[in-house]
2 protein chains.
Amino acid sequence: MKKSKRCVNVKIPSKTKLKKRPLLSPVEAGGLQAMFKVLANDTRLRLLHSLVRSEELCVSELSKTLGMKPQAISNQLQRLSDLRILVARRDGNNIYYRIVNECIAPLLNLALCLTEAECRDN
Amino acid sequence: MKKSKRCVNVKIPSKTKLKKRPLLSPVEAGGLQAMFKVLANDTRLRLLHSLVRSEELCVSELSKTLGMKPQAISNQLQRLSDLRILVARRDGNNIYYRIVNECIAPLLNLALCLTEAECRDN
DNA sequence: TCATTATTACACGAGCTAGTGTAATAGTGT
DNA sequence: ACACTATTACACTAGCTCGTGTAATAATGA
């Protein structure tokens, strides 16, 4: 049993809680869905990770970092702002974004651990 | 600070790890994206939760439980099987599905904790 | 005011998603 | 073989997503 090597301290009594819990209502499922939808995109994942690493970055910085057009970056940043994941702050010409939603980092981290632990092969 | 009330034992040193980690490559991000896409859907979330609770269920049972047509359920179950999230087993007329991917339950559980802890309002 | 930079607004379009309806397949019991 | 049930295959479609290109907005400096 060589599982969770680099990802040990994830101490979630996962199945226990989920098992006892009554079936997700469509509404509850909808809430979860919204959360996962945010993370279900290549570009947004990289944006969010950049922001976890650097706390605060502006559109052009992110645009260079990801190698994508500013419009595309702005699109996603705004979507994330609409969902209260990010907040924006203007400083001169630049608009800086940072993460305010505390769900993002833990979920990102856990998912990364799990996928790296060869989630699918064993 | 009344946060993580019912979800205490989630001991992920989230930001620490993500912060040190080099920026996600498009490929890495793609892997994560695939994982989150699975969970980014109302119906699939309820299916998966049903299966976490009951270990093994057939199409018609799930169809009744979710109040959806068998075709719709079968569609999703098959997608989940293609992705190696579920496996199927035939018993007479019925085909029973169960979860084999170990990432699902922890992610579902963490997300549920986080969203219930009023992720967005605090 | 004017030129320049940074960001956003908006319309557009290719591509994917998820359910529907119909038809086919597979197993069961007579 | 036949009727019946459970599930899947397939084609179709409404709706959403995400990047693109063009144009507008906002701040800066001369």
# chains A, B, ... in the order shown; residues from 1 in each chain; ligands from 1

call {"tool": "calpha_fit_and_write", "arguments": {"fixed": "chain A", "moving": "chain B", "output": "CSV table (one decimal) with N, CA and C atoms, in the first residue's frame"}}
result
chain,number,residue,atom,x,y,z
B,1,MET,N,1.1,-1.0,-0.7
B,1,MET,CA,0.3,0.2,-0.6
B,1,MET,C,1.1,1.5,-0.5
B,2,LYS,N,1.6,1.9,-1.7
B,2,LYS,CA,2.4,3.1,-1.7
B,2,LYS,C,1.6,4.3,-2.1
B,3,LYS,N,0.5,4.5,-1.5
B,3,LYS,CA,-0.3,5.6,-2.0
B,3,LYS,C,-0.2,6.8,-1.1
B,4,SER,N,-0.6,7.9,-1.7
B,4,SER,CA,-0.4,9.2,-1.1
B,4,SER,C,1.0,9.4,-0.5
B,5,LYS,N,2.0,9.4,-1.4
B,5,LYS,CA,3.3,9.5,-1.1
B,5,LYS,C,3.7,11.0,-0.7
B,6,ARG,N,3.5,11.8,-1.6
B,6,ARG,CA,3.8,13.2,-1.4
B,6,ARG,C,2.7,14.0,-0.9
B,7,CYS,N,1.6,13.3,-0.7
B,7,CYS,CA,0.3,14.1,-0.4
B,7,CYS,C,-0.2,13.6,0.9
B,8,VAL,N,0.6,13.1,1.8
B,8,VAL,CA,0.1,12.5,3.0
B,8,VAL,C,-1.0,13.3,3.7
B,9,ASN,N,-0.6,14.3,4.3
B,9,ASN,CA,-1.5,14.9,5.3
B,9,ASN,C,-2.9,15.3,4.8
B,10,VAL,N,-3.4,14.6,3.9
B,10,VAL,CA,-4.8,14.8,3.5
B,10,VAL,C,-5.7,13.9,4.3
B,11,LYS,N,-6.1,14.4,5.4
B,11,LYS,CA,-6.8,13.5,6.3
B,11,LYS,C,-8.3,13.6,6.3
B,12,ILE,N,-8.9,13.4,5.1
B,12,ILE,CA,-10.3,13.6,5.0
B,12,ILE,C,-11.0,12.3,5.1
B,13,PRO,N,-11.9,12.1,6.1
B,13,PRO,CA,-12.6,10.9,6.3
B,13,PRO,C,-13.7,10.8,5.2
B,14,SER,N,-13.2,10.7,4.0
B,14,SER,CA,-14.1,11.0,2.8
B,14,SER,C,-15.3,10.2,2.8
B,15,LYS,N,-15.2,8.9,2.6
B,15,LYS,CA,-16.4,8.1,2.4
B,15,LYS,C,-17.4,8.1,3.5
B,16,THR,N,-16.9,8.1,4.7
B,16,THR,CA,-17.7,8.1,5.9
B,16,THR,C,-18.8,9.2,5.8
B,17,LYS,N,-18.4,10.4,5.6
B,17,LYS,CA,-19.3,11.5,5.6
B,17,LYS,C,-20.3,11.4,4.5
B,18,LEU,N,-19.7,11.2,3.3
B,18,LEU,CA,-20.6,11.2,2.1
B,18,LEU,C,-21.6,10.0,2.2
B,19,LYS,N,-21.2,8.9,2.8
B,19,LYS,CA,-22.1,7.8,2.8
B,19,LYS,C,-23.3,8.0,3.7
B,20,LYS,N,-23.1,8.7,4.8
B,20,LYS,CA,-24.2,8.9,5.7
B,20,LYS,C,-25.1,10.0,5.2
B,21,ARG,N,-24.6,10.9,4.5
B,21,ARG,CA,-25.3,12.0,4.0
B,21,ARG,C,-26.4,11.7,3.1
B,22,PRO,N,-27.6,12.3,3.3
B,22,PRO,CA,-28.7,12.0,2.4
B,22,PRO,C,-28.3,12.4,0.9
B,23,LEU,N,-29.0,11.8,0.0
B,23,LEU,CA,-28.7,12.1,-1.4
B,23,LEU,C,-28.7,13.6,-1.7
B,24,LEU,N,-27.8,14.0,-2.5
B,24,LEU,CA,-27.7,15.4,-2.9
B,24,LEU,C,-29.0,15.8,-3.6
B,25,SER,N,-29.6,16.9,-3.2
B,25,SER,CA,-30.7,17.4,-3.9
B,25,SER,C,-30.2,18.1,-5.2
B,26,PRO,N,-31.1,18.3,-6.1
B,26,PRO,CA,-30.7,19.0,-7.3
B,26,PRO,C,-30.1,20.3,-7.0
B,27,VAL,N,-30.6,21.0,-6.0
B,27,VAL,CA,-30.1,22.3,-5.6
B,27,VAL,C,-28.7,22.2,-5.1
B,28,GLU,N,-28.5,21.3,-4.1
B,28,GLU,CA,-27.2,21.1,-3.6
B,28,GLU,C,-26.2,20.8,-4.6
B,29,ALA,N,-26.6,19.8,-5.5
B,29,ALA,CA,-25.7,19.4,-6.6
B,29,ALA,C,-25.4,20.6,-7.5
B,30,GLY,N,-26.4,21.5,-7.7
B,30,GLY,CA,-26.1,22.7,-8.5
B,30,GLY,C,-25.1,23.6,-7.9
B,31,GLY,N,-25.1,23.7,-6.6
B,31,GLY,CA,-24.0,24.5,-6.0
B,31,GLY,C,-22.7,23.9,-6.2
B,32,LEU,N,-22.5,22.6,-6.0
B,32,LEU,CA,-21.3,22.0,-6.2
B,32,LEU,C,-20.8,22.1,-7.6
B,33,GLN,N,-21.8,21.9,-8.5
B,33,GLN,CA,-21.5,22.0,-9.9
B,33,GLN,C,-20.9,23.3,-10.3
B,34,ALA,N,-21.4,24.4,-9.8
B,34,ALA,CA,-20.9,25.7,-10.1
B,34,ALA,C,-19.4,25.8,-9.6
B,35,MET,N,-19.2,25.3,-8.4
B,35,MET,CA,-17.8,25.3,-7.9
B,35,MET,C,-16.8,24.6,-8.8
B,36,PHE,N,-17.2,23.4,-9.2
B,36,PHE,CA,-16.4,22.6,-10.1
B,36,PHE,C,-16.2,23.1,-11.5
B,37,LYS,N,-17.3,23.8,-12.0
B,37,LYS,CA,-17.2,24.3,-13.3
B,37,LYS,C,-16.1,25.4,-13.4
B,38,VAL,N,-16.0,26.1,-12.4
B,38,VAL,CA,-14.9,27.1,-12.4
B,38,VAL,C,-13.5,26.5,-12.6
B,39,LEU,N,-13.3,25.3,-12.0
B,39,LEU,CA,-12.0,24.7,-12.1
B,39,LEU,C,-11.9,23.7,-13.3
B,40,ALA,N,-13.0,23.6,-14.0
B,40,ALA,CA,-13.0,22.7,-15.1
B,40,ALA,C,-12.5,23.3,-16.4
B,41,ASN,N,-11.5,24.1,-16.3
B,41,ASN,CA,-10.9,24.7,-17.5
B,41,ASN,C,-9.4,25.0,-17.3
B,42,ASP,N,-8.8,24.5,-18.3
B,42,ASP,CA,-7.3,24.7,-18.5
B,42,ASP,C,-6.8,26.1,-18.2
B,43,THR,N,-7.4,27.1,-18.9
B,43,THR,CA,-6.9,28.5,-18.7
B,43,THR,C,-7.2,29.0,-17.3
B,44,ARG,N,-8.4,28.8,-16.8
B,44,ARG,CA,-8.7,29.2,-15.5
B,44,ARG,C,-7.8,28.6,-14.4
B,45,LEU,N,-7.5,27.3,-14.6
B,45,LEU,CA,-6.7,26.6,-13.6
B,45,LEU,C,-5.3,27.3,-13.5
B,46,ARG,N,-4.8,27.6,-14.7
B,46,ARG,CA,-3.4,28.2,-14.7
B,46,ARG,C,-3.5,29.6,-14.2
B,47,LEU,N,-4.5,30.3,-14.5
B,47,LEU,CA,-4.7,31.7,-13.9
B,47,LEU,C,-4.7,31.6,-12.4
B,48,LEU,N,-5.6,30.7,-11.9
B,48,LEU,CA,-5.8,30.6,-10.5
B,48,LEU,C,-4.5,30.2,-9.8
B,49,HIS,N,-3.8,29.3,-10.4
B,49,HIS,CA,-2.5,28.8,-9.8
B,49,HIS,C,-1.5,30.0,-9.8
B,50,SER,N,-1.5,30.7,-10.9
B,50,SER,CA,-0.6,31.9,-10.9
B,50,SER,C,-0.9,32.8,-9.8
B,51,LEU,N,-2.2,33.0,-9.5
B,51,LEU,CA,-2.6,34.0,-8.5
B,51,LEU,C,-2.3,33.4,-7.1
B,52,VAL,N,-2.4,32.1,-6.9
B,52,VAL,CA,-2.1,31.5,-5.7
B,52,VAL,C,-0.6,31.7,-5.4
B,53,ARG,N,0.2,31.6,-6.4
B,53,ARG,CA,1.6,31.8,-6.2
B,53,ARG,C,2.0,33.2,-6.0
B,54,SER,N,1.4,34.1,-6.7
B,54,SER,CA,1.9,35.5,-6.6
B,54,SER,C,0.9,36.5,-5.9
B,55,GLU,N,-0.1,36.0,-5.3
B,55,GLU,CA,-1.1,36.9,-4.6
B,55,GLU,C,-1.8,37.8,-5.5
B,56,GLU,N,-1.1,38.6,-6.3
B,56,GLU,CA,-1.8,39.7,-7.1
B,56,GLU,C,-1.0,39.9,-8.4
B,57,LEU,N,-1.8,39.9,-9.5
B,57,LEU,CA,-1.1,40.0,-10.8
B,57,LEU,C,-2.1,40.8,-11.7
B,58,CYS,N,-1.5,41.5,-12.7
B,58,CYS,CA,-2.4,42.2,-13.6
B,58,CYS,C,-2.6,41.5,-14.9
B,59,VAL,N,-3.5,42.0,-15.7
B,59,VAL,CA,-3.8,41.2,-16.9
B,59,VAL,C,-2.6,41.0,-17.8
B,60,SER,N,-1.8,42.0,-18.0
B,60,SER,CA,-0.7,41.9,-19.0
B,60,SER,C,0.3,40.9,-18.5
B,61,GLU,N,0.5,40.9,-17.2
B,61,GLU,CA,1.5,39.9,-16.6
B,61,GLU,C,1.0,38.5,-16.8
B,62,LEU,N,-0.3,38.3,-16.5
B,62,LEU,CA,-0.9,37.0,-16.7
B,62,LEU,C,-0.9,36.6,-18.2
B,63,SER,N,-1.2,37.6,-19.0
B,63,SER,CA,-1.2,37.3,-20.4
B,63,SER,C,0.2,36.8,-20.9
B,64,LYS,N,1.2,37.4,-20.4
B,64,LYS,CA,2.6,37.0,-20.8
B,64,LYS,C,2.9,35.6,-20.2
B,65,THR,N,2.5,35.5,-18.9
B,65,THR,CA,2.8,34.2,-18.3
B,65,THR,C,2.2,33.0,-19.0
B,66,LEU,N,0.9,33.2,-19.3
B,66,LEU,CA,0.2,32.1,-19.9
B,66,LEU,C,0.4,32.0,-21.4
B,67,GLY,N,1.0,33.0,-22.0
B,67,GLY,CA,1.2,33.0,-23.5
B,67,GLY,C,-0.2,33.1,-24.2
B,68,MET,N,-1.1,33.9,-23.7
B,68,MET,CA,-2.4,34.1,-24.3
B,68,MET,C,-2.7,35.6,-24.5
B,69,LYS,N,-3.6,35.9,-25.4
B,69,LYS,CA,-4.0,37.3,-25.6
B,69,LYS,C,-4.6,37.9,-24.4
B,70,PRO,N,-4.4,39.2,-24.2
B,70,PRO,CA,-5.0,39.9,-23.1
B,70,PRO,C,-6.5,39.7,-23.0
B,71,GLN,N,-7.2,39.8,-24.2
B,71,GLN,CA,-8.6,39.6,-24.2
B,71,GLN,C,-9.1,38.3,-23.6
B,72,ALA,N,-8.4,37.3,-24.0
B,72,ALA,CA,-8.8,36.0,-23.5
B,72,ALA,C,-8.6,35.9,-22.0
B,73,ILE,N,-7.5,36.5,-21.5
B,73,ILE,CA,-7.2,36.5,-20.1
B,73,ILE,C,-8.3,37.3,-19.4
B,74,SER,N,-8.5,38.5,-19.9
B,74,SER,CA,-9.5,39.4,-19.3
B,74,SER,C,-10.9,38.7,-19.2
B,75,ASN,N,-11.3,38.1,-20.3
B,75,ASN,CA,-12.5,37.3,-20.3
B,75,ASN,C,-12.6,36.4,-19.0
B,76,GLN,N,-11.6,35.6,-18.8
B,76,GLN,CA,-11.7,34.6,-17.7
B,76,GLN,C,-11.6,35.3,-16.4
B,77,LEU,N,-10.8,36.3,-16.3
B,77,LEU,CA,-10.6,37.1,-15.0
B,77,LEU,C,-12.0,37.7,-14.7
B,78,GLN,N,-12.7,38.1,-15.6
B,78,GLN,CA,-13.9,38.8,-15.3
B,78,GLN,C,-15.0,37.8,-14.9
B,79,ARG,N,-15.0,36.6,-15.6
B,79,ARG,CA,-15.9,35.6,-15.2
B,79,ARG,C,-15.6,35.2,-13.8
B,80,LEU,N,-14.4,35.1,-13.4
B,80,LEU,CA,-14.0,34.7,-12.1
B,80,LEU,C,-14.4,35.8,-11.1
B,81,SER,N,-14.3,37.0,-11.5
B,81,SER,CA,-14.8,38.1,-10.6
B,81,SER,C,-16.3,38.1,-10.4
B,82,ASP,N,-17.0,37.8,-11.5
B,82,ASP,CA,-18.4,37.7,-11.4
B,82,ASP,C,-18.9,36.7,-10.4
B,83,LEU,N,-18.1,35.6,-10.3
B,83,LEU,CA,-18.4,34.5,-9.4
B,83,LEU,C,-17.8,34.7,-8.0
B,84,ARG,N,-17.3,35.9,-7.8
B,84,ARG,CA,-16.7,36.2,-6.5
B,84,ARG,C,-15.5,35.4,-6.1
B,85,ILE,N,-14.8,34.9,-7.1
B,85,ILE,CA,-13.6,34.1,-6.9
B,85,ILE,C,-12.4,35.1,-6.8
B,86,LEU,N,-12.5,36.1,-7.6
B,86,LEU,CA,-11.4,37.1,-7.6
B,86,LEU,C,-12.0,38.5,-7.3
B,87,VAL,N,-11.1,39.4,-6.9
B,87,VAL,CA,-11.4,40.8,-6.9
B,87,VAL,C,-10.4,41.6,-7.6
B,88,ALA,N,-10.8,42.8,-8.2
B,88,ALA,CA,-9.9,43.6,-9.0
B,88,ALA,C,-9.6,44.9,-8.3
B,89,ARG,N,-8.4,45.4,-8.6
B,89,ARG,CA,-7.9,46.7,-8.0
B,89,ARG,C,-7.2,47.4,-9.1
B,90,ARG,N,-7.5,48.6,-9.3
B,90,ARG,CA,-6.8,49.4,-10.3
B,90,ARG,C,-5.6,50.1,-9.7
B,91,ASP,N,-4.5,50.1,-10.5
B,91,ASP,CA,-3.3,50.9,-10.1
B,91,ASP,C,-2.8,51.5,-11.4
B,92,GLY,N,-3.1,52.7,-11.6
B,92,GLY,CA,-2.7,53.4,-12.8
B,92,GLY,C,-3.4,52.7,-14.0
B,93,ASN,N,-2.6,52.4,-15.0
B,93,ASN,CA,-3.1,51.7,-16.2
B,93,ASN,C,-3.5,50.2,-15.9
B,94,ASN,N,-2.9,49.7,-14.9
B,94,ASN,CA,-3.0,48.2,-14.7
B,94,ASN,C,-4.2,47.9,-13.7
B,95,ILE,N,-4.7,46.7,-14.0
B,95,ILE,CA,-5.8,46.2,-13.0
B,95,ILE,C,-5.3,44.9,-12.5
B,96,TYR,N,-5.2,44.9,-11.2
B,96,TYR,CA,-4.6,43.7,-10.5
B,96,TYR,C,-5.7,42.9,-9.9
B,97,TYR,N,-5.6,41.6,-10.1
B,97,TYR,CA,-6.5,40.6,-9.6
B,97,TYR,C,-5.9,39.8,-8.5
B,98,ARG,N,-6.8,39.4,-7.5
B,98,ARG,CA,-6.3,38.4,-6.5
B,98,ARG,C,-7.5,37.6,-6.1
B,99,ILE,N,-7.2,36.4,-5.6
B,99,ILE,CA,-8.2,35.5,-5.2
B,99,ILE,C,-8.8,35.8,-3.8
B,100,VAL,N,-10.1,35.8,-3.7
B,100,VAL,CA,-10.7,36.0,-2.4
B,100,VAL,C,-11.5,34.8,-1.9
B,101,ASN,N,-11.8,33.9,-2.9
B,101,ASN,CA,-12.6,32.7,-2.5
B,101,ASN,C,-11.7,31.6,-1.9
B,102,GLU,N,-12.0,31.2,-0.7
B,102,GLU,CA,-11.1,30.3,0.0
B,102,GLU,C,-11.2,28.8,-0.4
B,103,CYS,N,-12.2,28.5,-1.2
B,103,CYS,CA,-12.4,27.2,-1.6
B,103,CYS,C,-11.4,26.7,-2.7
B,104,ILE,N,-11.0,27.7,-3.5
B,104,ILE,CA,-10.2,27.4,-4.7
B,104,ILE,C,-8.9,26.7,-4.3
B,105,ALA,N,-8.1,27.3,-3.5
B,105,ALA,CA,-6.7,26.7,-3.2
B,105,ALA,C,-6.8,25.3,-2.7
B,106,PRO,N,-7.6,25.0,-1.6
B,106,PRO,CA,-7.7,23.7,-1.1
B,106,PRO,C,-8.1,22.7,-2.2
B,107,LEU,N,-9.1,23.0,-2.9
B,107,LEU,CA,-9.6,22.1,-4.0
B,107,LEU,C,-8.5,21.8,-5.0
B,108,LEU,N,-7.9,22.9,-5.4
B,108,LEU,CA,-6.8,22.7,-6.4
B,108,LEU,C,-5.7,21.9,-5.9
B,109,ASN,N,-5.4,22.1,-4.7
B,109,ASN,CA,-4.3,21.3,-4.0
B,109,ASN,C,-4.6,19.9,-3.9
B,110,LEU,N,-5.8,19.6,-3.4
B,110,LEU,CA,-6.2,18.2,-3.2
B,110,LEU,C,-6.2,17.5,-4.6
B,111,ALA,N,-6.8,18.1,-5.6
B,111,ALA,CA,-7.0,17.5,-6.9
B,111,ALA,C,-5.6,17.2,-7.5
B,112,LEU,N,-4.7,18.1,-7.3
B,112,LEU,CA,-3.3,18.0,-7.8
B,112,LEU,C,-2.7,16.8,-7.1
B,113,CYS,N,-2.8,16.7,-5.8
B,113,CYS,CA,-2.3,15.5,-5.1
B,113,CYS,C,-2.8,14.2,-5.6
B,114,LEU,N,-4.1,14.2,-5.7
B,114,LEU,CA,-4.8,13.0,-6.1
B,114,LEU,C,-4.4,12.6,-7.5
B,115,THR,N,-4.4,13.5,-8.4
B,115,THR,CA,-4.0,13.1,-9.8
B,115,THR,C,-2.6,12.7,-9.9
B,116,GLU,N,-1.7,13.4,-9.1
B,116,GLU,CA,-0.3,13.0,-9.2
B,116,GLU,C,-0.1,11.6,-8.5
B,117,ALA,N,-0.9,11.3,-7.6
B,117,ALA,CA,-0.7,10.0,-6.9
B,117,ALA,C,-1.3,8.9,-7.9
B,118,GLU,N,-1.3,9.1,-9.1
B,118,GLU,CA,-1.7,8.2,-10.1
B,118,GLU,C,-3.1,7.6,-9.8
B,119,CYS,N,-3.9,8.6,-9.7
B,119,CYS,CA,-5.3,8.4,-9.4
B,119,CYS,C,-5.9,7.2,-10.1
B,120,ARG,N,-5.6,7.1,-11.4
B,120,ARG,CA,-6.3,6.2,-12.3
B,120,ARG,C,-5.7,4.9,-12.6
B,121,ASP,N,-4.4,4.7,-12.3
B,121,ASP,CA,-3.8,3.5,-12.8
B,121,ASP,C,-3.7,2.4,-11.8
B,122,ASN,N,-3.5,2.7,-10.6
B,122,ASN,CA,-3.1,1.8,-9.5
B,122,ASN,C,-3.4,0.3,-9.7

call {"tool": "interface_residues", "arguments": {"of": "chain C", "to": "chain B", "cutoff": "9 Å", "atoms": "only C-alpha atoms (C1' of nucleotides)", "output": "number ranges by chain"}}
result
C: 18-20, 26-28

call {"tool": "write_last_selection", "arguments": {"atoms": "C-alpha atoms (C1' of nucleotides)", "output": "short mmCIF file (atom, residue, chain, number, x, y, z; two decimals), in the first residue's frame"}}
result
data_model
loop_
_atom_site.label_atom_id
_atom_site.label_comp_id
_atom_site.auth_asym_id
_atom_site.auth_seq_id
_atom_site.Cartn_x
_atom_site.Cartn_y
_atom_site.Cartn_z
"C1'" DA C 18 -26.49 16.71 -22.22
"C1'" DG C 19 -30.97 15.48 -22.79
"C1'" DT C 20 -34.76 13.46 -26.13
"C1'" DA C 26 -29.24 -8.68 -24.55
"C1'" DG C 27 -31.16 -11.41 -21.02
"C1'" DT C 28 -35.34 -13.85 -18.74
#

call {"tool": "closest_atom_pairs", "arguments": {"of": "chain D", "to": "chain A", "cutoff": "12 Å", "atoms": "only C-alpha atoms (C1' of nucleotides)", "output": "CSV"}}
result
residue,atom,partner,partner_atom,distance
D:DT17,C1',A:Asn41,CA,10.0
D:DC18,C1',A:Ala72,CA,8.0
D:DG19,C1',A:Ala72,CA,6.2
D:DT20,C1',A:Ala72,CA,8.6
D:DG21,C1',A:Gln71,CA,10.0
D:DT22,C1',A:Gln71,CA,11.6
D:DT25,C1',A:Asn93,CA,11.6
D:DA26,C1',A:Asn93,CA,7.6
D:DA27,C1',A:Asn93,CA,5.2
D:DT28,C1',A:Asn93,CA,7.5

call {"tool": "select_by_dssp", "arguments": {"residues": "chain B", "states": "strand (DSSP E)", "output": "PyMOL selection string"}}
result
chain B and resi 56-58+86-91+94-99

call {"tool": "select_by_dssp", "arguments": {"residues": "region 5-110 of chain A", "states": "alpha helix (DSSP H)", "output": "VMD selection string"}}
result
chain A and resid 14 to 20 26 to 39 42 to 54 59 to 66 70 to 82 104 to 110
